[in-house]
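Student: The file below is model-v8.cif, mmCIF, C-alpha atoms, pLDDT in the B column; chains and numbers go by the auth columns:
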```
data_coords
#
loop_
_atom_site.group_PDB
_atom_site.id
_atom_site.type_symbol
_atom_site.label_atom_id
_atom_site.label_comp_id
_atom_site.label_asym_id
_atom_site.label_seq_id
_atom_site.Cartn_x
_atom_site.Cartn_y
_atom_site.Cartn_z
_atom_site.B_iso_or_equiv
_atom_site.auth_seq_id
_atom_site.auth_asym_id
ATOM 1 C CA MET A 1 0.000 0.000 0.000 60.00 1 A
ATOM 2 C CA THR A 2 1.343 3.418 -0.908 68.00 2 A
ATOM 3 C CA THR A 3 1.148 6.170 1.672 85.00 3 A
ATOM 4 C CA LEU A 4 -0.454 9.563 1.090 81.00 4 A
ATOM 5 C CA ALA A 5 3.016 11.144 1.025 79.00 5 A
ATOM 6 C CA GLN A 6 4.186 8.666 -1.629 83.00 6 A
ATOM 7 C CA ARG A 7 1.125 9.335 -3.760 84.00 7 A
ATOM 8 C CA LYS A 8 1.644 13.077 -3.451 85.00 8 A
ATOM 9 C CA ARG A 9 5.303 12.711 -4.395 85.00 9 A
ATOM 10 C CA GLN A 10 4.379 10.621 -7.430 84.00 10 A
ATOM 11 C CA LEU A 11 1.779 13.197 -8.477 87.00 11 A
ATOM 12 C CA VAL A 12 4.308 16.034 -8.308 86.00 12 A
ATOM 13 C CA ALA A 13 6.865 13.961 -10.254 86.00 13 A
ATOM 14 C CA THR A 14 4.258 13.201 -12.926 85.00 14 A
ATOM 15 C CA GLU A 15 3.233 16.862 -13.236 87.00 15 A
ATOM 16 C CA LEU A 16 6.871 17.947 -13.519 88.00 16 A
ATOM 17 C CA THR A 17 7.553 15.288 -16.139 87.00 17 A
ATOM 18 C CA GLU A 18 4.517 16.271 -18.213 86.00 18 A
ATOM 19 C CA ALA A 19 5.345 19.986 -18.015 87.00 19 A
ATOM 20 C CA ALA A 20 8.991 19.413 -18.897 89.00 20 A
ATOM 21 C CA LEU A 21 8.392 17.060 -21.812 86.00 21 A
ATOM 22 C CA GLN A 22 5.753 19.270 -23.390 86.00 22 A
ATOM 23 C CA LEU A 23 7.788 22.477 -23.016 91.00 23 A
ATOM 24 C CA LEU A 24 10.960 20.835 -24.303 89.00 24 A
ATOM 25 C CA ALA A 25 9.150 19.289 -27.255 86.00 25 A
ATOM 26 C CA LEU A 26 7.426 22.574 -28.111 87.00 26 A
ATOM 27 C CA ARG A 27 10.382 24.951 -27.831 90.00 27 A
ATOM 28 C CA GLY A 28 13.488 22.785 -28.051 88.00 28 A
ATOM 29 C CA PHE A 29 15.815 21.429 -25.385 89.00 29 A
ATOM 30 C CA ASP A 30 18.179 24.412 -25.176 89.00 30 A
ATOM 31 C CA ALA A 31 15.447 27.071 -25.141 92.00 31 A
ATOM 32 C CA VAL A 32 13.690 25.886 -21.974 92.00 32 A
ATOM 33 C CA THR A 33 14.947 26.615 -18.456 93.00 33 A
ATOM 34 C CA VAL A 34 14.343 24.711 -15.235 93.00 34 A
ATOM 35 C CA ASP A 35 12.592 27.848 -13.901 93.00 35 A
ATOM 36 C CA GLU A 36 10.068 27.676 -16.747 92.00 36 A
ATOM 37 C CA ILE A 37 9.425 23.970 -16.169 92.00 37 A
ATOM 38 C CA ALA A 38 8.860 24.551 -12.455 91.00 38 A
ATOM 39 C CA THR A 39 6.549 27.524 -13.099 91.00 39 A
ATOM 40 C CA THR A 40 4.503 25.559 -15.633 90.00 40 A
ATOM 41 C CA ALA A 41 4.120 22.682 -13.169 88.00 41 A
ATOM 42 C CA GLY A 42 3.169 25.119 -10.394 89.00 42 A
ATOM 43 C CA VAL A 43 6.128 24.326 -8.117 89.00 43 A
ATOM 44 C CA SER A 44 9.338 26.053 -7.085 92.00 44 A
ATOM 45 C CA LYS A 45 12.732 25.536 -8.699 93.00 45 A
ATOM 46 C CA ARG A 46 13.872 24.019 -5.410 93.00 46 A
ATOM 47 C CA THR A 47 11.078 21.454 -5.630 92.00 47 A
ATOM 48 C CA PHE A 48 12.140 20.565 -9.178 92.00 48 A
ATOM 49 C CA PHE A 49 15.643 19.727 -7.941 94.00 49 A
ATOM 50 C CA ARG A 50 14.216 17.457 -5.248 92.00 50 A
ATOM 51 C CA TYR A 51 12.933 15.220 -8.044 91.00 51 A
ATOM 52 C CA PHE A 52 15.367 15.694 -10.919 91.00 52 A
ATOM 53 C CA ALA A 53 19.049 16.582 -11.182 90.00 53 A
ATOM 54 C CA SER A 54 18.546 18.411 -14.501 90.00 54 A
ATOM 55 C CA LYS A 55 16.035 18.853 -17.318 88.00 55 A
ATOM 56 C CA GLU A 56 17.880 16.069 -19.173 87.00 56 A
ATOM 57 C CA ASP A 57 17.189 13.810 -16.186 87.00 57 A
ATOM 58 C CA VAL A 58 13.431 14.211 -16.748 86.00 58 A
ATOM 59 C CA VAL A 59 13.744 12.653 -20.197 83.00 59 A
ATOM 60 C CA VAL A 60 16.100 9.949 -18.937 79.00 60 A
ATOM 61 C CA GLN A 61 13.551 8.844 -16.321 78.00 61 A
ATOM 62 C CA PHE A 62 10.879 8.766 -19.021 76.00 62 A
ATOM 63 C CA LEU A 63 13.116 6.404 -21.018 76.00 63 A
ATOM 64 C CA ALA A 64 13.814 4.239 -17.971 75.00 64 A
ATOM 65 C CA GLY A 65 10.075 3.713 -17.618 78.00 65 A
ATOM 66 C CA MET A 66 9.860 2.441 -21.190 82.00 66 A
ATOM 67 C CA GLY A 67 12.547 -0.168 -20.495 83.00 67 A
ATOM 68 C CA ALA A 68 10.859 -1.356 -17.313 84.00 68 A
ATOM 69 C CA ASP A 69 7.593 -1.781 -19.219 85.00 69 A
ATOM 70 C CA MET A 70 9.303 -3.867 -21.895 90.00 70 A
ATOM 71 C CA ARG A 71 11.013 -6.215 -19.463 89.00 71 A
ATOM 72 C CA ALA A 72 7.780 -6.684 -17.511 90.00 72 A
ATOM 73 C CA GLY A 73 5.952 -7.288 -20.785 90.00 73 A
ATOM 74 C CA LEU A 74 8.345 -10.062 -21.803 94.00 74 A
ATOM 75 C CA ALA A 75 8.229 -11.682 -18.349 92.00 75 A
ATOM 76 C CA ALA A 76 4.426 -11.799 -18.521 93.00 76 A
ATOM 77 C CA ARG A 77 4.207 -13.615 -21.854 95.00 77 A
ATOM 78 C CA PRO A 78 3.039 -17.282 -21.906 93.00 78 A
ATOM 79 C CA ALA A 79 5.908 -19.744 -21.436 88.00 79 A
ATOM 80 C CA GLY A 80 5.349 -21.714 -24.642 88.00 80 A
ATOM 81 C CA GLU A 81 4.917 -18.710 -26.932 94.00 81 A
ATOM 82 C CA ARG A 82 7.160 -18.405 -29.982 95.00 82 A
ATOM 83 C CA PRO A 83 10.058 -15.955 -29.437 95.00 83 A
ATOM 84 C CA SER A 84 8.864 -13.713 -32.260 96.00 84 A
ATOM 85 C CA GLU A 85 5.411 -13.389 -30.674 96.00 85 A
ATOM 86 C CA ALA A 86 6.793 -12.752 -27.200 96.00 86 A
ATOM 87 C CA LEU A 87 9.256 -10.119 -28.440 97.00 87 A
ATOM 88 C CA LEU A 88 6.669 -8.452 -30.679 97.00 88 A
ATOM 89 C CA HIS A 89 4.354 -7.971 -27.702 95.00 89 A
ATOM 90 C CA THR A 90 7.296 -6.798 -25.598 94.00 90 A
ATOM 91 C CA VAL A 91 8.300 -3.905 -27.848 94.00 91 A
ATOM 92 C CA SER A 92 4.688 -3.159 -28.775 92.00 92 A
ATOM 93 C CA VAL A 93 3.858 -2.057 -25.206 86.00 93 A
ATOM 94 C CA PRO A 94 5.538 1.392 -25.364 87.00 94 A
ATOM 95 C CA LEU A 95 4.784 1.804 -29.078 88.00 95 A
ATOM 96 C CA ALA A 96 1.068 1.222 -28.542 87.00 96 A
ATOM 97 C CA ALA A 97 1.114 3.808 -25.747 84.00 97 A
ATOM 98 C CA CYS A 98 2.845 6.261 -28.099 84.00 98 A
ATOM 99 C CA GLY A 99 0.241 5.681 -30.787 84.00 99 A
ATOM 100 C CA GLU A 100 -2.672 6.101 -28.370 86.00 100 A
ATOM 101 C CA HIS A 101 -1.280 9.431 -27.145 83.00 101 A
ATOM 102 C CA ALA A 102 0.370 10.586 -30.376 85.00 102 A
ATOM 103 C CA GLU A 103 -0.371 14.275 -29.827 84.00 103 A
ATOM 104 C CA ARG A 104 1.808 14.195 -26.674 83.00 104 A
ATOM 105 C CA ALA A 105 4.229 11.362 -27.476 85.00 105 A
ATOM 106 C CA LEU A 106 5.255 12.265 -31.025 87.00 106 A
ATOM 107 C CA PRO A 107 6.804 15.661 -30.122 87.00 107 A
ATOM 108 C CA VAL A 108 8.710 13.982 -27.263 87.00 108 A
ATOM 109 C CA VAL A 109 10.052 11.216 -29.516 89.00 109 A
ATOM 110 C CA ARG A 110 11.162 13.835 -32.034 90.00 110 A
ATOM 111 C CA LEU A 111 12.834 15.808 -29.249 89.00 111 A
ATOM 112 C CA ILE A 112 14.810 12.751 -28.130 90.00 112 A
ATOM 113 C CA LEU A 113 15.858 11.668 -31.614 91.00 113 A
ATOM 114 C CA ARG A 114 16.823 15.190 -32.745 90.00 114 A
ATOM 115 C CA THR A 115 18.708 16.399 -29.646 90.00 115 A
ATOM 116 C CA PRO A 116 22.260 14.943 -29.593 91.00 116 A
ATOM 117 C CA ALA A 117 22.551 14.849 -25.789 88.00 117 A
ATOM 118 C CA LEU A 118 19.178 13.128 -25.418 89.00 118 A
ATOM 119 C CA LEU A 119 19.816 10.732 -28.299 91.00 119 A
ATOM 120 C CA ALA A 120 23.064 9.661 -26.620 91.00 120 A
ATOM 121 C CA ARG A 121 21.177 8.905 -23.399 88.00 121 A
ATOM 122 C CA PHE A 122 18.498 7.071 -25.385 90.00 122 A
ATOM 123 C CA LEU A 123 21.156 4.835 -26.948 91.00 123 A
ATOM 124 C CA GLU A 124 22.620 4.169 -23.497 90.00 124 A
ATOM 125 C CA HIS A 125 19.203 3.047 -22.322 89.00 125 A
ATOM 126 C CA GLN A 126 18.739 0.839 -25.361 92.00 126 A
ATOM 127 C CA ALA A 127 22.004 -0.930 -24.511 94.00 127 A
ATOM 128 C CA ARG A 128 20.673 -1.559 -20.989 92.00 128 A
ATOM 129 C CA TRP A 129 17.337 -2.765 -22.346 94.00 129 A
ATOM 130 C CA ARG A 130 19.168 -5.206 -24.627 95.00 130 A
ATOM 131 C CA GLU A 131 20.950 -6.738 -21.629 95.00 131 A
ATOM 132 C CA GLU A 132 17.713 -6.997 -19.648 94.00 132 A
ATOM 133 C CA LEU A 133 15.770 -8.547 -22.526 96.00 133 A
ATOM 134 C CA THR A 134 18.670 -10.913 -23.198 96.00 134 A
ATOM 135 C CA GLU A 135 18.535 -12.163 -19.599 95.00 135 A
ATOM 136 C CA GLU A 136 14.750 -12.501 -19.651 94.00 136 A
ATOM 137 C CA LEU A 137 14.694 -14.313 -22.997 95.00 137 A
ATOM 138 C CA ALA A 138 17.516 -16.659 -21.965 95.00 138 A
ATOM 139 C CA ALA A 139 15.610 -17.578 -18.803 94.00 139 A
ATOM 140 C CA ARG A 140 12.420 -18.232 -20.810 92.00 140 A
ATOM 141 C CA LEU A 141 14.252 -20.516 -23.251 92.00 141 A
ATOM 142 C CA GLY A 142 16.552 -22.193 -20.750 93.00 142 A
ATOM 143 C CA ARG A 143 19.670 -20.944 -22.534 94.00 143 A
ATOM 144 C CA ASP A 144 22.925 -19.546 -21.214 95.00 144 A
ATOM 145 C CA PRO A 145 23.506 -16.045 -22.644 93.00 145 A
ATOM 146 C CA GLY A 146 27.194 -16.421 -21.827 93.00 146 A
ATOM 147 C CA THR A 147 27.657 -19.254 -24.311 95.00 147 A
ATOM 148 C CA ASP A 148 24.604 -19.017 -26.586 95.00 148 A
ATOM 149 C CA LEU A 149 24.387 -16.102 -29.003 95.00 149 A
ATOM 150 C CA TYR A 150 20.664 -16.465 -29.665 96.00 150 A
ATOM 151 C CA PRO A 151 19.194 -14.540 -26.687 96.00 151 A
ATOM 152 C CA ARG A 152 21.389 -11.486 -27.296 96.00 152 A
ATOM 153 C CA LEU A 153 20.857 -11.550 -31.053 96.00 153 A
ATOM 154 C CA ALA A 154 17.091 -11.912 -30.674 97.00 154 A
ATOM 155 C CA ALA A 155 16.884 -9.072 -28.131 97.00 155 A
ATOM 156 C CA GLY A 156 19.028 -6.919 -30.425 97.00 156 A
ATOM 157 C CA MET A 157 16.797 -7.642 -33.420 97.00 157 A
ATOM 158 C CA ALA A 158 13.671 -6.709 -31.451 97.00 158 A
ATOM 159 C CA LEU A 159 15.183 -3.415 -30.295 96.00 159 A
ATOM 160 C CA ALA A 160 16.503 -2.649 -33.789 96.00 160 A
ATOM 161 C CA ALA A 161 12.913 -2.989 -35.026 97.00 161 A
ATOM 162 C CA PHE A 162 11.690 -0.777 -32.161 95.00 162 A
ATOM 163 C CA ASP A 163 14.279 1.878 -33.041 94.00 163 A
ATOM 164 C CA ALA A 164 13.475 1.731 -36.764 95.00 164 A
ATOM 165 C CA VAL A 165 9.773 2.207 -36.051 94.00 165 A
ATOM 166 C CA LEU A 166 10.403 5.222 -33.795 92.00 166 A
ATOM 167 C CA HIS A 167 12.540 6.856 -36.502 93.00 167 A
ATOM 168 C CA ARG A 168 9.966 6.149 -39.233 93.00 168 A
ATOM 169 C CA TRP A 169 7.119 7.410 -37.024 92.00 169 A
ATOM 170 C CA SER A 170 8.993 10.584 -36.061 89.00 170 A
ATOM 171 C CA GLU A 171 9.735 11.437 -39.691 88.00 171 A
ATOM 172 C CA GLY A 172 6.061 11.428 -40.696 77.00 172 A
ATOM 173 C CA GLY A 173 3.537 14.251 -40.513 70.00 173 A
ATOM 174 C CA ASP A 174 1.723 15.626 -37.489 70.00 174 A
ATOM 175 C CA SER A 175 0.129 13.341 -34.915 59.00 175 A
ATOM 176 C CA GLU A 176 -3.056 12.892 -36.951 63.00 176 A
ATOM 177 C CA ALA A 177 -1.251 12.141 -40.220 63.00 177 A
ATOM 178 C CA ALA A 178 1.563 10.023 -38.735 74.00 178 A
ATOM 179 C CA GLU A 179 1.597 6.290 -39.309 83.00 179 A
ATOM 180 C CA ASP A 180 0.477 3.979 -36.519 89.00 180 A
ATOM 181 C CA PRO A 181 3.590 2.724 -34.663 91.00 181 A
ATOM 182 C CA ALA A 182 1.773 -0.447 -33.611 89.00 182 A
ATOM 183 C CA ALA A 183 1.111 -1.269 -37.283 91.00 183 A
ATOM 184 C CA LEU A 184 4.716 -0.452 -38.198 93.00 184 A
ATOM 185 C CA ILE A 185 6.148 -2.815 -35.567 95.00 185 A
ATOM 186 C CA GLY A 186 3.867 -5.531 -36.913 95.00 186 A
ATOM 187 C CA GLU A 187 5.361 -5.001 -40.375 95.00 187 A
ATOM 188 C CA ALA A 188 8.878 -5.123 -38.975 96.00 188 A
ATOM 189 C CA PHE A 189 8.265 -8.391 -37.149 97.00 189 A
ATOM 190 C CA ALA A 190 6.753 -9.960 -40.255 96.00 190 A
ATOM 191 C CA VAL A 191 10.289 -9.642 -41.650 95.00 191 A
ATOM 192 C CA LEU A 192 12.060 -10.788 -38.463 95.00 192 A
ATOM 193 C CA ALA A 193 9.796 -13.606 -37.293 96.00 193 A
ATOM 194 C CA PRO A 194 11.047 -16.374 -39.636 95.00 194 A
ATOM 195 C CA SER A 195 14.631 -15.881 -38.469 93.00 195 A
ATOM 196 C CA LEU A 196 13.742 -15.511 -34.800 94.00 196 A
ATOM 197 C CA ASP A 197 11.646 -18.672 -34.744 94.00 197 A
ATOM 198 C CA ALA A 198 13.829 -20.794 -37.032 84.00 198 A
ATOM 199 C CA ILE A 199 16.913 -20.358 -34.826 73.00 199 A
ATOM 200 C CA ALA A 200 14.989 -20.837 -31.589 63.00 200 A
#
```
Rewrite the structure from the file as structure tokens, please.
Tutor:
Amino acid sequence: MTTLAQRKRQLVATELTEAALQLLALRGFDAVTVDEIATTAGVSKRTFFRYFASKEDVVVQFLAGMGADMRAGLAARPAGERPSEALLHTVSVPLAACGEHAERALPVVRLILRTPALLARFLEHQARWREELTEELAARLGRDPGTDLYPRLAAGMALAAFDAVLHRWSEGGDSEAAEDPAALIGEAFAVLAPSLDAIA
């Protein structure tokens, strides 16, 4: 059970994250100050620094949440499911959320992919996600990732598809005209599935 203080803290963190991501996406990473983020969220600058070390840290925590969702998604898949199906559902979790909230998510994805400092952090997170998905997939299949290349290769293929879809989606039109990322990941896995399942 979460306490009232924990719920209040989570609410403030969520409001700060929303305010920061929307301001940064609208005006660009360098043009927005911490003061402006705090004012938009209705808190003091001091309060902002209780939750985040920097405005970059807001985006990094957003990315960390995506990775946690993917690992949990893979862990929850049925034990006998084909690797391609399990991995498709795994990377579809954050993409489906992006598609359902395209008017908010698309500007943020563009911000991350077009800001060198944020893109570097995104790639760092992807490397961590690959390790986590490798471990989870190896456990599901009863394979040793230290001696068997398959779990790492399969996790890498899934994340390469995820990355390709984000880039394709971000290069489209506005949120109403943009392609559906959930449909795009389905297309990507139609290409990957024969290899993923044949090797497994």
Student: Counting only C-alpha atoms, find the residues whose atoms lie at most 12 Å from (6.6, -15.5, -21.7) (file coordinates) and write them out as number ranges by chain.
Tutor: A: 70-90, 133, 136-141
Student: I'd like to know which of A:Arg27, A:Gln6, A:Ala198, A:Leu166 is closest to Ala102 in chain A, using all atoms listed in the file.
Tutor: A:Leu166
Student: So how many Å separate CA of Arg9 in chain A and CA of Thr33 in chain A, to one decimal?
Tutor: 22.0 Å
Student: Go ahead and compute the interatomic distance for CA of Thr40 in chain A and CA of Val108 in chain A, in Å to one decimal.
Tutor: 16.9 Å
Student: With the PyMOL selection byres ((chain A and resi 34) around 8) as the selection, what would be picked from this file? Answer as a PyMOL selection string, please.
Tutor: chain A and resi 32-33+35-38+45+48+54-55
Student: Considering all atoms listed in the file, state which residue in the set A:Leu192, A:Ala120, A:Val109, A:Ile199 is at the smallest distance from Ala161 in chain A.
Tutor: A:Leu192
Student: So how far away is CA of Ala68 in chain A from CA of Gly146 in chain A, in Å?
Tutor: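 Between CA of Gly146 in chain A and CA of Ala68 in chain A the gap works out to 22.7 Å.
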Student: List, as a ChimeraX atom specification, every residue that the PyMOL selection byres ((chain A and resi 182) around 8) selects in the file provided.
Tutor: /A:92,95-96,99,180-181,183-186
Student: Starting from the incomplete input, reconstruct N, CA and C atoms of range 158-186 of chain A and report them as a compact mmCIF listing (two decimals), keeping the file's coordinate frame.
Tutor:
```
# COMPACT_ATOMS: atom_id res chain seq x y z
N ALA A 158 14.93 -7.31 -31.89
CA ALA A 158 13.67 -6.71 -31.45
C ALA A 158 13.85 -5.21 -31.22
N LEU A 159 14.95 -4.84 -30.58
CA LEU A 159 15.18 -3.42 -30.30
C LEU A 159 15.57 -2.64 -31.56
N ALA A 160 16.22 -3.31 -32.51
CA ALA A 160 16.50 -2.65 -33.79
C ALA A 160 15.19 -2.32 -34.50
N ALA A 161 14.23 -3.24 -34.43
CA ALA A 161 12.91 -2.99 -35.03
C ALA A 161 12.21 -1.84 -34.31
N PHE A 162 12.28 -1.85 -32.98
CA PHE A 162 11.69 -0.78 -32.16
C PHE A 162 12.28 0.58 -32.56
N ASP A 163 13.59 0.64 -32.68
CA ASP A 163 14.28 1.88 -33.04
C ASP A 163 13.90 2.34 -34.45
N ALA A 164 13.84 1.39 -35.38
CA ALA A 164 13.48 1.73 -36.76
C ALA A 164 12.06 2.30 -36.84
N VAL A 165 11.16 1.73 -36.05
CA VAL A 165 9.77 2.21 -36.05
C VAL A 165 9.70 3.62 -35.47
N LEU A 166 10.42 3.87 -34.37
CA LEU A 166 10.40 5.22 -33.80
C LEU A 166 10.92 6.25 -34.79
N HIS A 167 12.00 5.92 -35.50
CA HIS A 167 12.54 6.86 -36.50
C HIS A 167 11.54 7.09 -37.63
N ARG A 168 10.95 6.02 -38.15
CA ARG A 168 9.97 6.15 -39.23
C ARG A 168 8.77 6.98 -38.77
N TRP A 169 8.28 6.70 -37.56
CA TRP A 169 7.12 7.41 -37.02
C TRP A 169 7.44 8.89 -36.84
N SER A 170 8.63 9.19 -36.35
CA SER A 170 8.99 10.58 -36.06
C SER A 170 9.21 11.40 -37.32
N GLU A 171 9.47 10.73 -38.44
CA GLU A 171 9.74 11.44 -39.69
C GLU A 171 8.46 11.72 -40.48
N GLY A 172 7.32 11.22 -40.00
CA GLY A 172 6.06 11.43 -40.70
C GLY A 172 5.49 12.81 -40.43
N GLY A 173 4.20 12.96 -40.69
CA GLY A 173 3.54 14.25 -40.51
C GLY A 173 3.18 14.50 -39.06
N ASP A 174 2.15 15.33 -38.85
CA ASP A 174 1.72 15.63 -37.49
C ASP A 174 1.05 14.39 -36.88
N SER A 175 0.63 14.51 -35.64
CA SER A 175 0.13 13.34 -34.92
C SER A 175 -1.07 12.68 -35.60
N GLU A 176 -1.89 13.47 -36.29
CA GLU A 176 -3.06 12.89 -36.95
C GLU A 176 -2.68 12.20 -38.25
N ALA A 177 -1.64 12.71 -38.94
CA ALA A 177 -1.25 12.14 -40.22
C ALA A 177 -0.19 11.06 -40.08
N ALA A 178 0.46 10.97 -38.93
CA ALA A 178 1.56 10.02 -38.74
C ALA A 178 1.05 8.58 -38.80
N GLU A 179 1.94 7.71 -39.24
CA GLU A 179 1.60 6.29 -39.31
C GLU A 179 1.42 5.73 -37.89
N ASP A 180 0.72 4.62 -37.81
CA ASP A 180 0.48 3.98 -36.52
C ASP A 180 1.71 3.16 -36.14
N PRO A 181 2.39 3.49 -35.02
CA PRO A 181 3.59 2.72 -34.66
C PRO A 181 3.31 1.26 -34.37
N ALA A 182 2.12 0.95 -33.87
CA ALA A 182 1.77 -0.45 -33.61
C ALA A 182 1.70 -1.24 -34.92
N ALA A 183 1.16 -0.61 -35.98
CA ALA A 183 1.11 -1.27 -37.28
C ALA A 183 2.51 -1.41 -37.87
N LEU A 184 3.35 -0.40 -37.68
CA LEU A 184 4.72 -0.45 -38.20
C LEU A 184 5.53 -1.56 -37.54
N ILE A 185 5.38 -1.76 -36.23
CA ILE A 185 6.15 -2.82 -35.57
C ILE A 185 5.66 -4.18 -36.03
N GLY A 186 4.38 -4.28 -36.35
CA GLY A 186 3.87 -5.53 -36.91
C GLY A 186 4.53 -5.84 -38.25
```
